[in-house]
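Chemist: Got a file for you: my_file22.csv, CSV, N, CA and C atoms.
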chain,number,residue,atom,x,y,z
A,1,MET,N,148.4,169.6,-19.7
A,1,MET,CA,147.2,168.9,-19.6
A,1,MET,C,146.1,169.7,-19.1
A,2,PRO,N,145.4,170.5,-19.9
A,2,PRO,CA,144.4,171.4,-19.4
A,2,PRO,C,143.2,170.7,-18.8
A,3,TRP,N,142.9,169.4,-19.3
A,3,TRP,CA,141.8,168.7,-18.7
A,3,TRP,C,142.0,168.4,-17.2
A,4,LEU,N,143.3,168.2,-16.8
A,4,LEU,CA,143.5,168.0,-15.4
A,4,LEU,C,143.1,169.2,-14.5
A,5,ASN,N,143.4,170.4,-15.0
A,5,ASN,CA,143.0,171.6,-14.2
A,5,ASN,C,141.5,171.6,-14.1
A,6,ILE,N,140.8,171.3,-15.1
A,6,ILE,CA,139.3,171.3,-15.1
A,6,ILE,C,138.8,170.3,-14.0
A,7,ILE,N,139.4,169.1,-14.0
A,7,ILE,CA,139.0,168.1,-13.1
A,7,ILE,C,139.3,168.5,-11.7
A,8,ASP,N,140.5,169.1,-11.4
A,8,ASP,CA,140.9,169.6,-10.1
A,8,ASP,C,139.9,170.7,-9.7
A,9,GLN,N,139.5,171.6,-10.5
A,9,GLN,CA,138.6,172.6,-10.2
A,9,GLN,C,137.2,172.0,-9.8
A,10,GLN,N,136.8,171.0,-10.6
A,10,GLN,CA,135.5,170.4,-10.3
A,10,GLN,C,135.6,169.7,-8.9
A,11,MET,N,136.7,169.0,-8.6
A,11,MET,CA,136.8,168.3,-7.3
A,11,MET,C,136.8,169.3,-6.2
A,12,ILE,N,137.5,170.4,-6.4
A,12,ILE,CA,137.6,171.5,-5.3
A,12,ILE,C,136.2,172.0,-5.1
A,13,GLY,N,135.4,172.3,-6.1
A,13,GLY,CA,134.1,172.8,-6.0
A,13,GLY,C,133.2,171.7,-5.3
A,14,THR,N,133.3,170.5,-5.7
A,14,THR,CA,132.4,169.4,-5.1
A,14,THR,C,132.8,169.2,-3.7
A,15,LEU,N,134.0,169.2,-3.3
A,15,LEU,CA,134.4,168.8,-2.0
A,15,LEU,C,134.6,170.0,-1.1
A,16,GLY,N,134.3,171.2,-1.5
A,16,GLY,CA,134.4,172.4,-0.7
A,16,GLY,C,135.8,172.8,-0.4
A,17,GLY,N,136.7,172.5,-1.3
A,17,GLY,CA,138.1,172.9,-1.1
A,17,GLY,C,139.0,171.8,-0.5
A,18,VAL,N,138.4,170.7,-0.1
A,18,VAL,CA,139.2,169.6,0.5
A,18,VAL,C,140.3,169.1,-0.4
A,19,ALA,N,140.0,169.0,-1.7
A,19,ALA,CA,140.9,168.4,-2.7
A,19,ALA,C,142.1,169.2,-3.0
A,20,ALA,N,142.1,170.4,-2.6
A,20,ALA,CA,143.2,171.3,-2.9
A,20,ALA,C,144.5,170.9,-2.4
A,21,ASN,N,144.7,170.5,-1.2
A,21,ASN,CA,146.0,170.2,-0.6
A,21,ASN,C,146.0,168.9,0.1
A,22,ASN,N,145.1,168.0,-0.1
A,22,ASN,CA,145.0,166.8,0.7
A,22,ASN,C,146.1,165.8,0.4
A,23,HIS,N,147.0,166.0,-0.6
A,23,HIS,CA,148.0,165.1,-0.8
A,23,HIS,C,149.3,165.5,-0.2
A,24,ILE,N,149.3,166.6,0.5
A,24,ILE,CA,150.5,167.0,1.3
A,24,ILE,C,150.5,166.4,2.6
A,25,PRO,N,151.5,165.6,3.0
A,25,PRO,CA,151.5,165.0,4.3
A,25,PRO,C,151.7,166.0,5.4
A,26,VAL,N,151.1,165.7,6.5
A,26,VAL,CA,151.2,166.6,7.7
A,26,VAL,C,152.1,165.9,8.7
A,27,MET,N,153.2,166.5,9.1
A,27,MET,CA,154.1,166.0,10.0
A,27,MET,C,153.7,166.3,11.5
A,28,ILE,N,153.6,165.3,12.3
A,28,ILE,CA,153.1,165.5,13.7
A,28,ILE,C,154.1,165.0,14.7
A,29,GLU,N,154.3,165.8,15.7
A,29,GLU,CA,155.2,165.4,16.9
A,29,GLU,C,154.4,165.6,18.2
A,30,ASP,N,153.1,165.9,18.1
A,30,ASP,CA,152.4,166.2,19.3
A,30,ASP,C,150.9,165.8,19.1
A,31,ASP,N,150.1,165.8,20.1
A,31,ASP,CA,148.7,165.4,20.0
A,31,ASP,C,148.0,166.3,18.9
A,32,PHE,N,147.1,165.7,18.1
A,32,PHE,CA,146.6,166.4,17.0
A,32,PHE,C,145.2,165.9,16.6
A,33,ALA,N,144.2,166.8,16.3
A,33,ALA,CA,142.9,166.5,15.8
A,33,ALA,C,143.0,166.6,14.3
A,34,ILE,N,142.8,165.5,13.6
A,34,ILE,CA,142.9,165.4,12.1
A,34,ILE,C,141.5,166.0,11.6
A,35,ASP,N,141.6,166.9,10.6
A,35,ASP,CA,140.4,167.3,9.9
A,35,ASP,C,140.3,166.6,8.6
A,36,SER,N,139.1,166.7,8.0
A,36,SER,CA,138.8,165.9,6.8
A,36,SER,C,139.5,166.5,5.6
A,37,GLY,N,140.3,167.5,5.7
A,37,GLY,CA,141.1,168.0,4.6
A,37,GLY,C,142.5,167.4,4.6
A,38,ILE,N,142.8,166.5,5.5
A,38,ILE,CA,144.1,165.9,5.6
A,38,ILE,C,144.0,164.5,5.2
A,39,ARG,N,144.9,164.0,4.3
A,39,ARG,CA,144.9,162.7,3.9
A,39,ARG,C,146.0,161.8,4.4
A,40,TYR,N,147.2,162.4,4.6
A,40,TYR,CA,148.3,161.7,5.1
A,40,TYR,C,148.9,162.3,6.3
A,41,VAL,N,149.1,161.5,7.4
A,41,VAL,CA,149.7,162.0,8.6
A,41,VAL,C,151.0,161.2,8.8
A,42,ILE,N,152.1,161.8,9.1
A,42,ILE,CA,153.3,161.1,9.4
A,42,ILE,C,153.7,161.6,10.8
A,43,ALA,N,153.7,160.6,11.8
A,43,ALA,CA,153.8,160.9,13.2
A,43,ALA,C,155.2,160.4,13.7
A,44,ASP,N,155.9,161.3,14.4
A,44,ASP,CA,157.2,161.0,15.0
A,44,ASP,C,156.9,161.0,16.5
A,45,ALA,N,156.9,159.8,17.1
A,45,ALA,CA,156.7,159.7,18.6
A,45,ALA,C,158.0,159.4,19.3
A,46,ALA,N,159.0,160.0,18.9
A,46,ALA,CA,160.3,159.9,19.6
A,46,ALA,C,160.3,160.5,21.0
A,47,LYS,N,159.6,161.6,21.1
A,47,LYS,CA,159.7,162.3,22.4
A,47,LYS,C,158.6,162.0,23.4
A,48,LYS,N,157.4,161.6,22.8
A,48,LYS,CA,156.2,161.3,23.7
A,48,LYS,C,155.2,160.5,23.0
A,49,THR,N,154.3,159.9,23.7
A,49,THR,CA,153.1,159.3,23.1
A,49,THR,C,152.2,160.3,22.5
A,50,ILE,N,151.8,160.1,21.2
A,50,ILE,CA,151.0,161.0,20.5
A,50,ILE,C,149.6,160.5,20.4
A,51,THR,N,148.6,161.4,20.7
A,51,THR,CA,147.2,161.1,20.5
A,51,THR,C,146.7,161.8,19.3
A,52,LEU,N,146.1,161.0,18.4
A,52,LEU,CA,145.5,161.5,17.2
A,52,LEU,C,144.0,161.3,17.3
A,53,THR,N,143.2,162.3,16.9
A,53,THR,CA,141.7,162.1,16.9
A,53,THR,C,141.3,162.2,15.5
A,54,LEU,N,140.5,161.2,15.0
A,54,LEU,CA,140.0,161.2,13.7
A,54,LEU,C,138.9,162.2,13.5
A,55,PRO,N,138.7,162.6,12.2
A,55,PRO,CA,137.6,163.5,12.0
A,55,PRO,C,136.2,162.8,12.1
A,56,ASP,N,135.2,163.6,12.2
A,56,ASP,CA,133.8,163.0,12.3
A,56,ASP,C,133.6,162.3,11.0
A,57,PRO,N,133.3,161.0,11.0
A,57,PRO,CA,133.1,160.2,9.8
A,57,PRO,C,131.9,160.7,8.9
A,58,ALA,N,131.0,161.4,9.5
A,58,ALA,CA,129.9,162.0,8.7
A,58,ALA,C,130.3,163.1,7.8
A,59,SER,N,131.4,163.7,8.2
A,59,SER,CA,132.0,164.8,7.3
A,59,SER,C,133.0,164.2,6.4
A,60,ALA,N,133.3,162.9,6.4
A,60,ALA,CA,134.4,162.3,5.7
A,60,ALA,C,133.9,161.1,4.9
A,61,LEU,N,132.7,161.0,4.4
A,61,LEU,CA,132.2,159.9,3.7
A,61,LEU,C,133.1,159.5,2.5
A,62,GLY,N,133.6,158.3,2.5
A,62,GLY,CA,134.4,157.8,1.5
A,62,GLY,C,135.9,158.3,1.6
A,63,TYR,N,136.2,158.9,2.6
A,63,TYR,CA,137.5,159.5,2.9
A,63,TYR,C,138.5,158.4,3.2
A,64,ASP,N,139.6,158.5,2.6
A,64,ASP,CA,140.7,157.5,2.7
A,64,ASP,C,141.9,158.3,3.4
A,65,LEU,N,142.3,157.8,4.6
A,65,LEU,CA,143.3,158.4,5.4
A,65,LEU,C,144.4,157.4,5.8
A,66,VAL,N,145.7,157.9,5.6
A,66,VAL,CA,146.8,157.0,6.0
A,66,VAL,C,147.6,157.7,7.1
A,67,ILE,N,147.9,156.9,8.1
A,67,ILE,CA,148.7,157.4,9.3
A,67,ILE,C,149.9,156.5,9.4
A,68,LYS,N,151.1,157.1,9.3
A,68,LYS,CA,152.3,156.4,9.4
A,68,LYS,C,153.2,156.9,10.6
A,69,VAL,N,153.9,156.0,11.2
A,69,VAL,CA,154.8,156.3,12.3
A,69,VAL,C,156.2,156.1,11.9
A,70,THR,N,157.0,157.2,12.0
A,70,THR,CA,158.4,157.1,11.6
A,70,THR,C,159.3,156.6,12.8
A,71,ASP,N,159.0,157.1,14.0
A,71,ASP,CA,159.8,156.7,15.2
A,71,ASP,C,158.7,156.3,16.3
A,72,ALA,N,158.7,155.1,16.7
A,72,ALA,CA,157.8,154.6,17.7
A,72,ALA,C,158.4,154.3,19.0
A,73,THR,N,159.4,155.2,19.4
A,73,THR,CA,160.0,155.1,20.7
A,73,THR,C,158.8,155.1,21.8
A,74,ASN,N,157.9,156.0,21.5
A,74,ASN,CA,156.6,156.0,22.3
A,74,ASN,C,155.6,155.6,21.2
A,75,GLN,N,154.3,155.4,21.6
A,75,GLN,CA,153.4,154.9,20.6
A,75,GLN,C,152.5,156.1,20.1
A,76,VAL,N,151.8,155.8,19.1
A,76,VAL,CA,150.8,156.7,18.5
A,76,VAL,C,149.4,156.0,18.7
A,77,GLU,N,148.5,156.8,19.4
A,77,GLU,CA,147.2,156.3,19.7
A,77,GLU,C,146.2,157.1,18.8
A,78,ILE,N,145.4,156.3,18.1
A,78,ILE,CA,144.4,156.9,17.1
A,78,ILE,C,143.0,156.7,17.7
A,79,TYR,N,142.3,157.7,18.0
A,79,TYR,CA,141.0,157.6,18.6
A,79,TYR,C,139.9,158.1,17.6
A,80,PRO,N,138.7,157.4,17.6
A,80,PRO,CA,137.6,158.0,16.8
A,80,PRO,C,137.0,159.2,17.4
A,81,CYS,N,136.3,160.0,16.6
A,81,CYS,CA,135.7,161.2,17.1
A,81,CYS,C,134.4,160.8,17.9
A,82,ASP,N,134.3,161.4,19.1
A,82,ASP,CA,133.1,161.3,19.9
A,82,ASP,C,132.7,159.8,20.1
A,83,ALA,N,131.5,159.4,19.8
A,83,ALA,CA,131.1,158.0,20.0
A,83,ALA,C,131.2,157.1,18.8
A,84,GLU,N,131.8,157.6,17.8
A,84,GLU,CA,132.0,156.7,16.6
A,84,GLU,C,133.0,155.6,16.9
A,85,LYS,N,133.1,154.7,15.9
A,85,LYS,CA,133.9,153.5,16.1
A,85,LYS,C,134.9,153.3,15.0
A,86,ILE,N,135.9,152.5,15.3
A,86,ILE,CA,136.9,152.0,14.3
A,86,ILE,C,136.7,150.5,14.3
A,87,ASP,N,136.3,150.0,13.1
A,87,ASP,CA,136.0,148.6,13.0
A,87,ASP,C,135.1,148.0,14.0
A,88,GLY,N,134.1,148.8,14.4
A,88,GLY,CA,133.1,148.4,15.4
A,88,GLY,C,133.5,148.5,16.8
A,89,ARG,N,134.7,149.0,17.1
A,89,ARG,CA,135.2,149.2,18.5
A,89,ARG,C,135.4,150.7,18.8
A,90,GLU,N,135.2,151.0,20.1
A,90,GLU,CA,135.5,152.4,20.5
A,90,GLU,C,136.9,152.6,21.0
A,91,GLU,N,137.7,151.5,21.1
A,91,GLU,CA,139.1,151.6,21.5
A,91,GLU,C,140.0,152.3,20.5
A,92,ALA,N,141.1,152.8,21.0
A,92,ALA,CA,142.1,153.4,20.1
A,92,ALA,C,142.8,152.3,19.3
A,93,ILE,N,143.3,152.7,18.2
A,93,ILE,CA,144.3,151.9,17.4
A,93,ILE,C,145.7,152.4,18.0
A,94,LYS,N,146.6,151.5,18.3
A,94,LYS,CA,147.9,151.8,18.8
A,94,LYS,C,148.9,151.3,17.9
A,95,LEU,N,149.7,152.3,17.4
A,95,LEU,CA,150.9,151.9,16.5
A,95,LEU,C,152.1,152.1,17.4
A,96,ASP,N,152.9,151.0,17.5
A,96,ASP,CA,154.1,151.1,18.4
A,96,ASP,C,155.3,150.4,17.8
A,97,MET,N,155.4,150.4,16.5
A,97,MET,CA,156.5,149.9,15.8
A,97,MET,C,157.0,151.0,14.7
A,98,ASP,N,158.3,151.2,14.6
A,98,ASP,CA,158.8,152.1,13.7
A,98,ASP,C,158.3,151.7,12.3
A,99,TYR,N,157.9,152.7,11.5
A,99,TYR,CA,157.4,152.6,10.1
A,99,TYR,C,156.1,151.8,10.0
A,100,SER,N,155.4,151.6,11.1
A,100,SER,CA,154.1,151.0,10.9
A,100,SER,C,153.1,152.0,10.4
A,101,TYR,N,152.0,151.6,9.9
A,101,TYR,CA,151.0,152.5,9.4
A,101,TYR,C,149.6,151.8,9.4
A,102,VAL,N,148.6,152.6,9.3
A,102,VAL,CA,147.2,152.2,9.2
A,102,VAL,C,146.5,153.0,8.1
A,103,ARG,N,145.7,152.4,7.4
A,103,ARG,CA,144.9,153.1,6.3
A,103,ARG,C,143.4,152.9,6.7
A,104,LEU,N,142.7,154.0,6.8
A,104,LEU,CA,141.3,154.0,7.2
A,104,LEU,C,140.4,154.6,6.2
A,105,VAL,N,139.2,154.2,6.2
A,105,VAL,CA,138.2,154.8,5.3
A,105,VAL,C,136.9,155.0,6.1
A,106,SER,N,136.2,156.0,5.8
A,106,SER,CA,134.9,156.3,6.5
A,106,SER,C,133.7,155.9,5.6
A,107,ASP,N,132.7,155.3,6.2
A,107,ASP,CA,131.5,155.0,5.5
A,107,ASP,C,130.4,156.1,5.8
A,108,GLY,N,130.8,157.2,6.5
A,108,GLY,CA,129.9,158.2,6.8
A,108,GLY,C,129.3,158.1,8.2
A,109,VAL,N,129.5,156.9,8.9
A,109,VAL,CA,129.0,156.6,10.2
A,109,VAL,C,130.2,156.2,11.1
A,110,ASP,N,131.1,155.4,10.6
A,110,ASP,CA,132.2,154.9,11.4
A,110,ASP,C,133.5,154.9,10.5
A,111,TRP,N,134.6,154.5,11.1
A,111,TRP,CA,135.9,154.3,10.4
A,111,TRP,C,136.2,152.8,10.3
A,112,TYR,N,136.8,152.4,9.2
A,112,TYR,CA,137.2,151.0,9.0
A,112,TYR,C,138.7,150.9,8.6
A,113,ILE,N,139.4,149.9,9.1
A,113,ILE,CA,140.7,149.7,8.7
A,113,ILE,C,140.7,148.9,7.4
A,114,ILE,N,141.4,149.5,6.4
A,114,ILE,CA,141.5,148.8,5.1
A,114,ILE,C,142.9,148.4,4.7
A,115,GLY,N,143.9,148.8,5.6
A,115,GLY,CA,145.2,148.5,5.3
A,115,GLY,C,146.2,148.8,6.4
Could you render the structure from this file as C-alpha coordinates?

Modeler:
Amino acid sequence: MPWLNIIDQQMIGTLGGVAANNHIPVMIEDDFAIDSGIRYVIADAAKKTITLTLPDPASALGYDLVIKVTDATNQVEIYPCDAEKIDGREEAIKLDMDYSYVRLVSDGVDWYIIG
(Lines of atoms letter the chains of each structure in order from A and count residues from 1; the text may use other names and numbers.)
(Lines give C-alpha, C1' and ligand atoms only; values in the text may rest on other atoms or scores of the structure.)
Protein backbone atom coordinates (compact mmCIF):
# COMPACT_ATOMS: atom_id res chain seq x y z
CA MET A 1 0.00 0.00 0.00
CA PRO A 2 2.23 2.84 -1.20
CA TRP A 3 -0.39 5.48 -0.33
CA LEU A 4 -0.01 4.55 3.36
CA ASN A 5 3.69 5.42 3.30
CA ILE A 6 2.89 8.79 1.76
CA ILE A 7 0.32 9.52 4.46
CA ASP A 8 2.74 8.43 7.21
CA GLN A 9 5.45 10.71 5.80
CA GLN A 10 3.01 13.62 5.65
CA MET A 11 1.95 13.02 9.27
CA ILE A 12 5.56 12.82 10.44
CA GLY A 13 6.33 16.07 8.66
CA THR A 14 3.23 17.80 10.01
CA LEU A 15 3.67 16.62 13.59
CA GLY A 16 7.42 17.00 13.74
CA GLY A 17 8.12 13.31 14.08
CA VAL A 18 5.51 12.58 16.75
CA ALA A 19 3.58 10.19 14.51
CA ALA A 20 6.57 7.95 13.91
CA ASN A 21 6.37 5.77 17.04
CA ASN A 22 3.37 6.96 19.00
CA HIS A 23 1.55 3.61 18.77
CA ILE A 24 4.20 1.72 20.71
CA PRO A 25 3.15 1.43 24.37
CA VAL A 26 5.58 2.63 27.01
CA MET A 27 5.89 0.29 30.00
CA ILE A 28 6.30 2.16 33.31
CA GLU A 29 7.25 0.93 36.79
CA ASP A 30 8.48 4.26 38.21
CA ASP A 31 7.63 7.97 38.18
CA PHE A 32 7.55 9.32 34.64
CA ALA A 33 6.97 12.58 32.73
CA ILE A 34 4.98 11.74 29.60
CA ASP A 35 5.97 13.64 26.46
CA SER A 36 3.67 14.41 23.57
CA GLY A 37 5.26 11.68 21.44
CA ILE A 38 3.79 8.95 23.66
CA ARG A 39 0.24 7.77 23.11
CA TYR A 40 -0.05 4.64 25.29
CA VAL A 41 1.31 4.17 28.80
CA ILE A 42 1.04 0.86 30.63
CA ALA A 43 1.87 1.23 34.32
CA ASP A 44 2.75 -1.53 36.76
CA ALA A 45 2.38 -0.23 40.32
CA ALA A 46 3.17 -3.55 42.02
CA LYS A 47 6.26 -2.19 43.80
CA LYS A 48 5.34 1.43 44.55
CA THR A 49 2.94 4.29 43.88
CA ILE A 50 3.75 5.75 40.46
CA THR A 51 3.45 9.45 39.65
CA LEU A 52 2.86 10.32 35.98
CA THR A 53 2.99 13.91 34.73
CA LEU A 54 1.05 14.80 31.58
CA PRO A 55 2.67 16.79 28.78
CA ASP A 56 1.92 20.49 28.42
CA PRO A 57 -1.50 20.58 26.70
CA ALA A 58 -0.37 23.49 24.50
CA SER A 59 2.12 21.15 22.83
CA ALA A 60 -0.49 18.38 22.55
CA LEU A 61 -3.55 19.98 20.91
CA GLY A 62 -5.97 17.21 19.95
CA TYR A 63 -3.65 14.64 21.43
CA ASP A 64 -5.32 11.40 22.59
CA LEU A 65 -3.52 9.58 25.43
CA VAL A 66 -4.42 6.27 27.11
CA ILE A 67 -2.97 5.25 30.49
CA LYS A 68 -3.64 1.72 31.74
CA VAL A 69 -2.69 0.06 35.03
CA THR A 70 -1.83 -3.64 34.99
CA ASP A 71 -1.11 -4.10 38.72
CA ALA A 72 -2.59 -1.60 41.18
CA THR A 73 -1.16 -3.02 44.39
CA ASN A 74 -0.15 0.63 44.80
CA GLN A 75 -1.87 3.39 42.86
CA VAL A 76 -0.98 5.39 39.79
CA GLU A 77 -1.36 9.16 40.18
CA ILE A 78 -1.67 11.27 37.02
CA TYR A 79 -0.91 14.98 37.38
CA PRO A 80 -1.36 17.83 34.89
CA CYS A 81 1.67 19.81 33.80
CA ASP A 82 2.25 23.03 35.82
CA ALA A 83 -1.02 24.95 36.43
CA GLU A 84 -3.06 23.17 33.77
CA LYS A 85 -6.12 21.15 34.72
CA ILE A 86 -7.76 17.80 34.10
CA ASP A 87 -11.51 18.23 33.62
CA GLY A 88 -11.31 21.66 35.27
CA ARG A 89 -9.52 20.41 38.40
CA GLU A 90 -5.90 20.65 39.46
CA GLU A 91 -6.03 17.40 41.45
CA ALA A 92 -4.47 14.19 40.25
CA ILE A 93 -6.39 11.33 38.70
CA LYS A 94 -5.79 8.23 40.81
CA LEU A 95 -6.05 4.75 39.34
CA ASP A 96 -6.13 2.09 42.04
CA MET A 97 -7.74 -0.97 40.45
CA ASP A 98 -6.02 -3.66 38.39
CA TYR A 99 -6.59 -3.14 34.64
CA SER A 100 -8.22 0.27 35.11
CA TYR A 101 -7.46 2.97 32.54
CA VAL A 102 -8.16 6.55 31.60
CA ARG A 103 -8.26 8.14 28.16
CA LEU A 104 -7.43 11.84 27.94
CA VAL A 105 -7.50 14.45 25.20
CA SER A 106 -5.95 17.93 25.11
CA ASP A 107 -7.76 21.02 23.84
CA GLY A 108 -4.47 22.95 23.80
CA VAL A 109 -5.19 24.53 27.21
CA ASP A 110 -6.20 21.68 29.52
CA TRP A 111 -6.78 17.91 29.56
CA TYR A 112 -10.18 16.20 29.48
CA ILE A 113 -11.20 12.68 30.43
CA ILE A 114 -13.00 11.08 27.51
CA GLY A 115 -12.94 7.47 28.58

Chemist: To one decimal place in Å, what is the distance between CA of Glu84 in chain A and CA of Ala46 in chain A?

Modeler: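 So the answer is 28.6 Å.
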
Chemist: At a cut-off of 6 Å, using only C-alpha atoms, what residues contact range 60-75 of chain A? Leave out same-chain residues fewer than 3 positions from it and give the result as JSON, numbers by chain.

Modeler: {"A": [36, 39, 40, 41, 42, 43, 44, 45, 46, 48, 49, 57, 95, 96, 97, 98, 99, 100, 101, 102, 103, 104, 105, 106, 107, 108]}

Chemist: Show me, as a PyMOL selection string, the residues that have an atom within 7 Å of Ala92 in chain A when counting all atoms listed in the file, minus same-chain residues fewer than 3 positions from it.

Modeler: chain A and resi 77-80+89

Chemist: If you measure from atom C of Val76 in chain A to atom C of Asp30 in chain A, what distance in Å do you get, rounded to one decimal?

Modeler: 9.9 Å

Chemist: What is the distance between atom N of Gly88 in chain A and atom N of Asp31 in chain A, in Å to one decimal?

Modeler: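 Atom-to-atom, atom N of Gly88 in chain A to atom N of Asp31 in chain A, that is 24.0 Å.
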
Chemist: Let me make sure I understand: among A:Glu29, A:Asp82, A:Asp110, A:Asp87, which one has the smallest atom-to-atom distance to Thr53 in chain A if we use all atoms listed in the file?

Modeler: A:Asp82

Chemist: Given the point (143.6, 149.2, 11.9) in the file's coordinates, find the residues that have an atom at most 6.5 Å from it, counting only N, CA and C atoms, and give them as an MDAnalysis selection string.

Modeler: chainID A and resid 93 102:103 112:115

Chemist: Apply DSSP to the backbone of this structure and, from chain A, keep only the residues in helix (DSSP H, G or I); write these as a PyMOL selection string.

Modeler: chain A and resi 2-15+18-20+57-59

Chemist: Out of chain A, which residues get strand (DSSP E) from DSSP, as a PyMOL selection string?

Modeler: chain A and resi 26-28+32-33+40-44+50-53+64-71+76-79+93-95+101-106+111-113

Chemist: Find, counting only C-alpha atoms, the residue in A:Ile38, A:Met27, A:Leu54, A:Ala33 that gets nearest to Cys81 in chain A.

Modeler: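 That would be A:Leu54, the residue with the smallest distance to Cys81 in chain A.
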
Chemist: Nearest to Asp56 in chain A among A:Phe32, A:Val26, A:Glu91, A:Trp111, with distances taken over only C-alpha atoms: which residue is it?

Modeler: A:Trp111
